[in-house]
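Below: start-v9.txt (compact mmCIF, C-alpha atoms)
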```txt
# COMPACT_ATOMS: atom_id res chain seq x y z
CA MET A 1 122.72 94.98 64.16
CA GLU A 2 122.18 98.21 66.07
CA GLN A 3 120.04 100.68 64.16
CA HIS A 4 121.11 104.32 64.24
CA ILE A 5 118.29 106.75 64.98
CA ASN A 6 119.03 110.29 63.88
CA PHE A 7 118.09 113.51 65.62
CA TRP A 8 114.97 114.13 63.50
CA ASP A 9 113.62 110.63 64.15
CA ARG A 10 114.05 111.16 67.90
CA LEU A 11 112.41 114.58 67.71
CA GLN A 12 109.46 113.11 65.79
CA ALA A 13 109.00 110.25 68.27
CA LYS A 14 109.57 112.17 71.49
CA VAL A 15 108.02 115.57 70.78
CA ILE A 16 106.19 116.05 67.48
CA THR A 17 104.11 112.84 67.54
CA PRO A 18 102.78 112.95 71.13
CA TYR A 19 102.48 116.70 71.60
CA PHE A 20 101.53 117.84 68.13
CA ASP A 21 100.33 115.17 65.66
CA ASN A 22 98.39 113.08 68.18
CA LYS A 23 96.56 116.13 69.49
CA LEU A 24 95.90 117.89 66.20
CA TRP A 25 94.11 115.17 64.25
CA GLU A 26 90.43 114.38 64.83
CA MET A 27 89.11 110.85 64.39
CA THR A 28 85.79 110.69 62.57
CA LEU A 29 83.22 107.92 62.10
CA GLU A 30 81.56 109.43 59.06
CA SER A 31 82.25 111.64 56.09
CA ASN A 32 80.44 112.81 52.98
CA SER A 33 83.19 111.19 50.89
CA ILE A 34 82.96 107.76 52.60
CA SER A 35 79.96 105.46 52.35
CA LYS A 36 79.25 102.33 54.38
CA GLU A 37 78.42 99.37 52.15
CA LYS A 38 78.50 96.67 54.84
CA PHE A 39 78.90 96.54 58.62
CA GLU A 40 78.13 93.45 60.70
CA THR A 41 79.08 92.42 64.23
CA ASN A 42 78.99 88.66 64.76
CA LEU A 43 77.52 88.41 68.25
CA THR A 44 77.36 84.62 67.93
CA ASN A 45 81.14 84.45 67.71
CA LEU A 46 81.48 87.01 70.48
CA ASP A 47 79.28 84.91 72.79
CA PHE A 48 81.09 81.69 71.82
CA PHE A 49 84.58 82.97 72.60
CA TYR A 50 83.55 85.09 75.60
CA PRO A 51 80.56 83.26 77.13
CA ASN A 52 81.07 84.82 80.56
CA LEU A 53 81.68 88.35 79.37
CA GLU A 54 80.50 91.00 81.80
CA SER A 55 80.23 94.14 79.70
CA SER A 56 79.66 96.18 82.84
CA GLY A 57 83.24 95.41 83.86
CA LEU A 58 84.70 96.81 80.64
CA THR A 59 85.45 100.40 79.77
CA LYS A 60 83.61 101.89 76.82
CA GLY A 61 86.83 101.63 74.80
CA GLY A 62 87.37 98.03 75.89
CA LEU A 63 83.90 96.98 74.79
CA SER A 64 84.28 98.84 71.48
CA PHE A 65 87.62 97.15 70.86
CA LEU A 66 86.19 93.70 71.60
CA LYS A 67 83.27 94.24 69.21
CA ASP A 68 85.71 95.43 66.54
CA ASN A 69 87.39 92.02 66.73
CA PHE A 70 84.16 90.34 65.70
CA SER A 71 83.04 92.89 63.13
CA SER A 72 83.28 92.74 59.37
CA TYR A 73 82.81 95.76 57.16
CA ARG A 74 83.31 97.34 53.78
CA PHE A 75 83.51 101.10 53.18
CA LYS A 76 84.03 102.98 49.95
CA GLY A 77 85.78 106.32 49.88
CA GLU A 78 85.78 108.71 46.96
CA ASN A 79 88.57 111.20 46.34
CA VAL A 80 90.36 110.58 49.62
CA TRP A 81 93.99 110.77 50.72
CA LEU A 82 95.90 107.72 51.97
CA ASP A 83 98.53 108.43 54.61
CA PRO A 84 101.89 106.77 53.75
CA ASP A 85 103.06 106.03 57.30
CA PHE A 86 100.12 104.25 58.93
CA GLY A 87 97.46 103.87 56.26
CA TRP A 88 94.99 106.36 57.70
CA VAL A 89 92.35 107.50 55.25
CA ILE A 90 92.01 111.30 55.30
CA PRO A 91 88.61 112.42 53.94
CA SER A 92 89.13 116.09 54.82
CA PRO A 93 91.91 118.25 56.32
CA LEU A 94 93.16 117.03 59.71
CA LYS A 95 90.48 114.33 59.97
CA ILE A 96 91.15 110.58 59.91
CA PHE A 97 88.56 107.88 59.30
CA LYS A 98 88.38 105.46 62.22
CA TYR A 99 87.81 102.27 60.22
CA SER A 100 90.83 102.81 58.00
CA PHE A 101 92.99 101.54 60.90
CA PRO A 102 91.59 98.32 62.46
CA TYR A 103 91.45 98.42 66.27
CA SER A 104 92.16 102.14 66.29
CA GLU A 105 90.61 102.41 69.77
CA ASP A 106 92.72 99.75 71.48
CA PRO A 107 92.48 100.56 75.23
CA TRP A 108 95.38 98.21 76.10
CA ASP A 109 97.82 100.00 73.83
CA GLN A 110 98.94 103.56 73.43
CA MET A 111 97.17 105.91 71.04
CA LYS A 112 97.71 104.85 67.45
CA ARG A 113 100.05 107.34 65.85
CA ARG A 114 98.34 110.00 63.78
CA PRO A 115 99.61 111.14 60.37
CA ARG A 116 102.73 113.28 60.32
CA THR A 117 101.28 116.74 59.98
CA LEU A 118 104.22 118.37 58.22
CA LYS A 119 104.33 115.59 55.65
CA TYR A 120 100.57 115.96 55.12
CA LEU A 121 100.80 119.72 54.60
CA ASN A 122 103.52 119.13 52.01
CA LYS A 123 101.74 116.21 50.33
CA LYS A 124 101.15 117.87 46.98
CA SER A 125 104.88 117.81 46.33
CA ASN A 126 104.84 114.01 46.38
CA THR A 127 101.43 112.60 45.51
CA ARG A 128 100.38 109.80 43.18
CA VAL A 129 96.82 109.64 41.85
CA ILE A 130 95.18 106.20 41.83
CA GLU A 131 91.90 105.45 40.06
CA LYS A 132 90.83 102.67 42.43
CA GLY A 133 92.23 100.29 45.01
CA ALA A 134 91.62 98.41 48.26
CA SER A 135 93.83 99.50 51.14
CA PHE A 136 95.59 96.76 53.13
CA ARG A 137 98.01 98.73 55.24
CA PHE A 138 97.57 97.04 58.63
CA GLY A 139 99.35 94.01 60.03
CA TRP A 140 102.01 93.08 57.47
CA GLN A 141 104.87 93.53 59.91
CA ASN A 142 103.48 91.04 62.44
CA TYR A 143 102.93 87.32 61.78
CA TYR A 144 99.78 87.14 63.91
CA HIS A 145 98.09 90.12 62.26
CA PHE A 146 99.31 88.96 58.86
CA PHE A 147 96.95 85.98 59.17
CA MET A 148 94.19 87.27 61.38
CA ASP A 149 93.76 90.62 59.66
CA GLY A 150 95.77 90.98 56.45
CA LEU A 151 94.96 87.69 54.73
CA THR A 152 91.33 87.59 55.89
CA GLN A 153 90.93 91.08 54.39
CA LEU A 154 92.21 89.74 51.08
CA ASN A 155 89.70 86.92 51.33
CA ALA A 156 86.91 89.45 51.83
CA LEU A 157 88.06 91.32 48.74
CA ASP A 158 88.07 88.11 46.70
CA ALA A 159 84.46 87.47 47.75
CA PHE A 160 83.45 91.02 46.84
CA ASP A 161 85.55 91.27 43.67
CA PRO A 162 86.09 87.70 42.36
CA LYS A 163 87.35 88.90 38.96
CA GLY A 164 90.25 90.73 40.56
CA GLU A 165 89.45 94.11 39.04
CA ILE A 166 90.34 96.13 42.17
CA PRO A 167 94.09 96.48 42.86
CA ILE A 168 95.37 96.09 46.40
CA ILE A 169 97.44 98.80 48.06
CA LEU A 170 100.28 97.58 50.28
CA PRO A 171 102.96 99.45 52.26
CA ASP A 172 106.44 99.40 50.78
CA HIS A 173 107.79 97.38 53.71
CA TYR A 174 105.46 94.39 53.20
CA HIS A 175 108.06 92.37 51.30
CA LYS A 176 110.71 92.82 54.00
CA ASN A 177 109.11 90.04 56.02
CA ARG A 178 109.91 86.57 54.77
CA PHE A 179 106.39 85.26 55.36
CA ALA A 180 104.76 88.07 53.36
CA LYS A 181 107.31 87.69 50.59
CA ASP A 182 106.63 83.94 50.48
CA PHE A 183 102.90 84.47 50.29
CA PHE A 184 102.96 86.98 47.45
CA SER A 185 105.58 85.12 45.44
CA LYS A 186 104.25 81.56 45.87
CA ILE A 187 100.55 81.68 46.82
CA PHE A 188 98.91 84.99 45.92
CA PRO A 189 97.10 84.81 42.56
CA ASN A 190 98.76 86.96 39.91
CA ASN A 191 95.49 88.21 38.39
CA ARG A 192 95.16 91.07 40.88
CA GLU A 193 97.39 94.13 40.57
CA ILE A 194 99.49 95.19 43.57
CA ILE A 195 100.09 98.91 44.16
CA VAL A 196 102.98 99.57 46.53
CA GLN A 197 102.77 102.85 48.44
CA SER A 198 106.11 104.38 49.30
CA SER A 199 106.59 105.71 52.81
CA LYS A 200 107.48 109.04 51.19
CA GLU A 201 104.35 109.53 49.08
CA TYR A 202 100.69 110.25 49.62
CA LEU A 203 98.12 108.52 47.44
CA PHE A 204 95.05 110.36 46.22
CA VAL A 205 92.54 107.61 45.47
CA LYS A 206 89.43 108.30 43.44
CA LYS A 207 87.70 105.12 44.61
CA LEU A 208 89.09 103.42 47.72
CA TYR A 209 87.76 100.31 49.45
CA LEU A 210 88.32 99.45 53.12
CA LEU A 211 87.55 95.90 54.20
CA LYS A 212 87.80 93.94 57.42
CA GLU A 213 86.67 90.47 58.48
CA ASP A 214 85.52 88.97 61.78
CA ILE A 215 88.85 87.89 63.26
CA LEU A 216 87.86 84.23 63.81
CA SER A 217 85.32 83.81 61.02
CA CYS A 218 85.26 81.21 58.25
CA SER A 219 87.56 83.51 56.28
CA LEU A 220 90.42 82.27 58.45
CA ASP A 221 89.56 78.68 57.48
CA GLN A 222 89.75 79.66 53.82
CA VAL A 223 93.14 81.32 54.36
CA ILE A 224 94.47 78.14 55.96
CA ASP A 225 93.19 75.96 53.12
CA GLN A 226 94.89 78.27 50.64
CA ILE A 227 98.30 77.95 52.31
CA ARG A 228 98.37 74.58 54.02
CA PRO A 229 99.72 71.63 52.08
CA SER A 230 97.13 69.19 50.80
CA ALA A 231 98.92 66.21 52.37
CA LYS A 232 97.07 64.23 55.03
CA LEU A 233 97.53 65.58 58.56
CA VAL A 234 99.80 63.49 60.78
CA ASP A 235 100.44 63.60 64.52
CA ASP A 236 104.09 62.74 65.05
CA LYS A 237 105.87 65.90 66.20
CA LYS A 238 106.18 67.73 69.50
CA ILE A 239 107.27 71.30 68.85
CA PHE A 240 108.62 73.93 71.21
CA ILE A 241 108.67 77.50 69.83
CA THR A 242 111.58 79.52 71.12
CA ARG A 243 112.01 83.30 70.91
CA ASN A 244 115.05 85.33 69.95
CA SER A 245 116.75 86.84 73.00
CA PHE A 246 116.56 90.30 71.39
CA SER A 247 112.75 90.10 71.23
CA GLY A 248 112.14 90.14 74.97
CA ARG A 249 109.63 87.86 76.72
CA THR A 250 112.10 84.97 76.91
CA ILE A 251 112.87 82.32 79.56
CA ARG A 252 115.87 83.45 81.58
CA ASN A 253 116.61 79.97 82.95
CA ILE A 254 116.30 78.31 79.53
CA ASN A 255 119.33 76.09 80.31
CA GLU A 256 117.24 74.38 83.00
CA ILE A 257 114.27 74.02 80.67
CA MET A 258 115.99 72.55 77.59
CA PRO A 259 116.79 69.13 79.17
CA ILE A 260 113.13 68.78 80.21
CA LEU A 261 111.93 69.50 76.68
CA LYS A 262 114.42 66.98 75.32
CA ASP A 263 113.24 64.31 77.80
CA PHE A 264 109.67 64.77 76.58
CA GLY A 265 110.67 64.59 72.92
CA PHE A 266 110.18 68.24 71.91
CA GLU A 267 111.89 69.68 68.85
CA VAL A 268 112.96 73.30 69.46
CA VAL A 269 112.29 75.66 66.53
CA ASP A 270 112.66 79.37 65.85
CA CYS A 271 109.85 80.35 63.47
CA ASN A 272 111.70 83.52 62.46
CA GLU A 273 114.20 81.35 60.63
CA MET A 274 111.58 79.45 58.62
CA GLY A 275 109.63 80.23 55.46
CA LEU A 276 105.84 80.34 55.39
CA LEU A 277 105.29 77.01 53.65
CA GLU A 278 107.95 75.37 55.81
CA GLN A 279 106.05 76.44 58.93
CA ALA A 280 102.74 75.24 57.47
CA ASN A 281 104.24 71.81 56.74
CA LEU A 282 105.83 71.47 60.16
CA PHE A 283 102.85 72.48 62.26
CA SER A 284 100.38 70.42 60.23
CA SER A 285 102.26 67.37 61.54
CA ALA A 286 102.29 68.41 65.21
CA SER A 287 100.62 66.54 68.05
CA HIS A 288 101.83 68.95 70.75
CA VAL A 289 102.93 72.59 70.53
CA ALA A 290 104.46 74.50 73.44
CA GLY A 291 105.81 78.01 73.34
CA ILE A 292 106.09 81.43 74.90
CA HIS A 293 103.20 83.74 74.07
CA GLY A 294 104.09 85.23 70.70
CA ALA A 295 103.22 85.28 67.03
CA GLY A 296 104.78 81.86 66.37
CA LEU A 297 101.82 80.22 68.12
CA VAL A 298 99.55 81.34 65.29
CA ASN A 299 101.01 78.39 63.35
CA THR A 300 98.68 76.14 65.33
CA ILE A 301 96.02 77.09 62.76
CA PHE A 302 97.72 74.76 60.26
CA LYS A 303 96.51 71.80 62.34
CA LYS A 304 92.91 72.69 61.50
CA GLY A 305 90.89 69.49 61.22
CA GLY A 306 93.32 67.49 63.37
CA ASN A 307 94.08 66.87 67.03
CA LEU A 308 96.47 69.19 68.86
CA LYS A 309 97.48 70.02 72.41
CA VAL A 310 98.83 73.51 73.00
CA LEU A 311 100.78 74.74 76.02
CA GLU A 312 101.14 78.52 76.10
CA ILE A 313 103.80 80.00 78.39
CA ALA A 314 103.02 83.48 79.74
CA PRO A 315 105.52 85.76 81.51
CA GLY A 316 103.36 86.18 84.62
CA LEU A 317 99.93 85.79 86.16
CA ASP A 318 98.94 89.34 85.24
CA PHE A 319 99.53 88.56 81.58
CA GLN A 320 96.73 86.29 80.34
CA PRO A 321 96.03 87.08 76.67
CA GLU A 322 93.34 85.11 74.88
CA HIS A 323 94.61 85.21 71.27
CA TYR A 324 95.69 81.57 71.10
CA LYS A 325 93.20 80.28 73.62
CA ASN A 326 90.47 81.45 71.23
CA ILE A 327 92.20 79.95 68.18
CA CYS A 328 92.30 76.63 70.05
CA LYS A 329 88.66 76.96 70.97
CA LYS A 330 87.73 77.65 67.34
CA PHE A 331 89.50 74.54 66.04
CA GLY A 332 88.81 72.23 68.99
CA PHE A 333 92.38 72.02 70.29
CA GLU A 334 93.26 71.48 73.93
CA HIS A 335 94.83 74.61 75.43
CA ARG A 336 96.65 75.08 78.72
CA MET A 337 98.75 77.87 80.19
CA ILE A 338 101.74 78.00 82.52
CA PHE A 339 103.06 81.22 84.05
CA GLY A 340 106.53 82.51 84.73
CA LYS A 341 107.74 84.77 87.52
CA ASN A 342 110.44 87.33 88.40
CA LEU A 343 109.99 89.47 85.28
CA ASP A 344 112.70 91.89 84.28
CA PHE A 345 112.23 95.20 82.42
CA GLN A 346 111.99 93.35 79.05
CA THR A 347 109.40 90.90 80.47
CA ASN A 348 111.94 88.07 80.41
CA PHE A 349 111.06 85.62 83.17
CA ILE A 350 111.91 82.52 85.18
CA LEU A 351 109.98 79.29 84.53
CA ASP A 352 109.72 76.69 87.28
CA PRO A 353 111.33 73.50 85.88
CA GLN A 354 109.41 71.17 88.18
CA GLU A 355 106.07 72.80 87.38
CA LEU A 356 106.80 72.50 83.65
CA SER A 357 107.85 68.86 84.01
CA ASN A 358 104.69 67.98 85.94
CA LEU A 359 102.49 69.73 83.42
CA LEU A 360 104.15 68.05 80.42
CA ARG A 361 103.85 64.66 82.11
CA ASP A 362 100.11 65.23 82.54
CA PHE A 363 99.79 66.86 79.11
```
In structure tokens, what does this structure look like?
Amino acid sequence: MEQHINFWDRLQAKVITPYFDNKLWEMTLESNSISKEKFETNLTNLDFFYPNLESSGLTKGGLSFLKDNFSSYRFKGENVWLDPDFGWVIPSPLKIFKYSFPYSEDPWDQMKRRPRTLKYLNKKSNTRVIEKGASFRFGWQNYYHFFMDGLTQLNALDAFDPKGEIPIILPDHYHKNRFAKDFFSKIFPNNREIIVQSSKEYLFVKKLYLLKEDILSCSLDQVIDQIRPSAKLVDDKKIFITRNSFSGRTIRNINEIMPILKDFGFEVVDCNEMGLLEQANLFSSASHVAGIHGAGLVNTIFKKGGNLKVLEIAPGLDFQPEHYKNICKKFGFEHRMIFGKNLDFQTNFILDPQELSNLLRDF
């Protein structure tokens, strides 16, 4: 369904955000109202996943971003504002706290959007006061970040606050994703209060906690054990993860590829059409998983403790992300990549049928 974007939305996106909001707000690393209770960078994990890292070849922002991936922290803010659009913590006027938005200095992405200034200036007309809470505003809209950031943050809170006395603060759109809705209705313990922040309201929080975990730490193992079925792992399925044509990054000659997948016994699935527990059950029984680079490949984590071969399909040679390569390295899975060619403007691509067939035969 085509979504209508009104004039004010276009004005915000095209003019106000880049030329006003993004220039007006200052990012800060410290504030009198925010105290650091814990900050650790796991250099052992960093060295394990990037043994040949040449820091001299990275920009300052690139190195900072990489270290953020392997950092865990806990901050406590007192009497701070919580931005409704992106979850920025505002300790003082026109200043945002860096660690309230994980990976805020991502050099491979555009600048993270700053708070909407006009909404901030008018915040007193729509503000709710909260005594205490832990902010989890990042990652709920994306299946990869849901696991790697959102759920590991919850695990960190459980370790810090095992009695469940601190409510969690979620954005009002969290339940619009089937996987998040499944988690909170079927898995999340009901002893911890959930505070839902509307996109139209600011929160003034008297005691606010910000937590983050090392992206590939043991917290991820604990998340998997919480979700994955307790049944014994089996190795009887070959799964190919397809992508919706509206998402971009799809195989343009898929009609040539489907017969090859069928010949090698692959079941084609669209993870967007499956519930969270359904995906956990399916991928815990996989022996082989192949798929285009995308969030569906995060389901390989449900094979933890078993044997798995993963074939990741990238649009082109200049696109070599390490998200799923590192997941495979963590859990001892075999990981290979194959690359497409002839990308279009939506990064859809052509995949060589013979190259795929040869690789699957060897795989």
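You can rank A:Gly150, A:Pro18, A:Gly275, A:Gly265 by their closest distance to Asn299 (chain A) using all atoms listed in the file, and at the top of that list sits A:Gly275.
Atom pair CA of Thr117 (chain A) / CA of Thr17 (chain A) has a distance of 9.0 Å (rounded to one decimal).
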Using all atoms listed in the file - which residues lie no farther than 10 Å from the point (110.1, 87.5, 81.1) in the file's frame? Write them as a compact mmCIF listing (two decimals) with C-alpha atoms, in the coordinates of the input.
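Result saved to part.txt:
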```
# COMPACT_ATOMS: atom_id res chain seq x y z
CA GLY A 248 112.14 90.14 74.97
CA ARG A 249 109.63 87.86 76.72
CA THR A 250 112.10 84.97 76.91
CA ILE A 251 112.87 82.32 79.56
CA ARG A 252 115.87 83.45 81.58
CA ILE A 292 106.09 81.43 74.90
CA ALA A 314 103.02 83.48 79.74
CA PRO A 315 105.52 85.76 81.51
CA GLY A 316 103.36 86.18 84.62
CA PHE A 339 103.06 81.22 84.05
CA GLY A 340 106.53 82.51 84.73
CA LYS A 341 107.74 84.77 87.52
CA ASN A 342 110.44 87.33 88.40
CA LEU A 343 109.99 89.47 85.28
CA ASP A 344 112.70 91.89 84.28
CA PHE A 345 112.23 95.20 82.42
CA GLN A 346 111.99 93.35 79.05
CA THR A 347 109.40 90.90 80.47
CA ASN A 348 111.94 88.07 80.41
CA PHE A 349 111.06 85.62 83.17
CA ILE A 350 111.91 82.52 85.18
CA LEU A 351 109.98 79.29 84.53
```
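Straight-line separation from CA of Ala156 (chain A) to CA of Gly296 (chain A): 24.3 Å.
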Write out as a JSON list (two decimals) with C-alpha atoms, in the coordinates of the input the residues lying within 12 Å of Pro102 (chain A), counting all atoms listed in the file and excluding same-chain residues fewer than 3 positions away.
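In the end it all went to out.json:
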```json
[["chain", "number", "residue", "atom", "x", "y", "z"],
["A", 64, "SER", "CA", 84.28, 98.84, 71.48],
["A", 65, "PHE", "CA", 87.62, 97.15, 70.86],
["A", 66, "LEU", "CA", 86.19, 93.70, 71.60],
["A", 67, "LYS", "CA", 83.27, 94.24, 69.21],
["A", 68, "ASP", "CA", 85.71, 95.43, 66.54],
["A", 69, "ASN", "CA", 87.39, 92.02, 66.73],
["A", 70, "PHE", "CA", 84.16, 90.34, 65.70],
["A", 71, "SER", "CA", 83.04, 92.89, 63.13],
["A", 72, "SER", "CA", 83.28, 92.74, 59.37],
["A", 73, "TYR", "CA", 82.81, 95.76, 57.16],
["A", 86, "PHE", "CA", 100.12, 104.25, 58.93],
["A", 87, "GLY", "CA", 97.46, 103.87, 56.26],
["A", 88, "TRP", "CA", 94.99, 106.36, 57.70],
["A", 89, "VAL", "CA", 92.35, 107.50, 55.25],
["A", 97, "PHE", "CA", 88.56, 107.88, 59.30],
["A", 98, "LYS", "CA", 88.38, 105.46, 62.22],
["A", 99, "TYR", "CA", 87.81, 102.27, 60.22],
["A", 105, "GLU", "CA", 90.61, 102.41, 69.77],
["A", 106, "ASP", "CA", 92.72, 99.75, 71.48],
["A", 112, "LYS", "CA", 97.71, 104.85, 67.45],
["A", 135, "SER", "CA", 93.83, 99.50, 51.14],
["A", 136, "PHE", "CA", 95.59, 96.76, 53.13],
["A", 137, "ARG", "CA", 98.01, 98.73, 55.24],
["A", 138, "PHE", "CA", 97.57, 97.04, 58.63],
["A", 139, "GLY", "CA", 99.35, 94.01, 60.03],
["A", 145, "HIS", "CA", 98.09, 90.12, 62.26],
["A", 148, "MET", "CA", 94.19, 87.27, 61.38],
["A", 149, "ASP", "CA", 93.76, 90.62, 59.66],
["A", 150, "GLY", "CA", 95.77, 90.98, 56.45],
["A", 153, "GLN", "CA", 90.93, 91.08, 54.39],
["A", 210, "LEU", "CA", 88.32, 99.45, 53.12],
["A", 211, "LEU", "CA", 87.55, 95.90, 54.20],
["A", 212, "LYS", "CA", 87.80, 93.94, 57.42],
["A", 213, "GLU", "CA", 86.67, 90.47, 58.48],
["A", 214, "ASP", "CA", 85.52, 88.97, 61.78],
["A", 215, "ILE", "CA", 88.85, 87.89, 63.26]]
```
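From CA of Tyr50 (chain A) back to CA of Pro107 (chain A), the distance works out to 17.9 Å.
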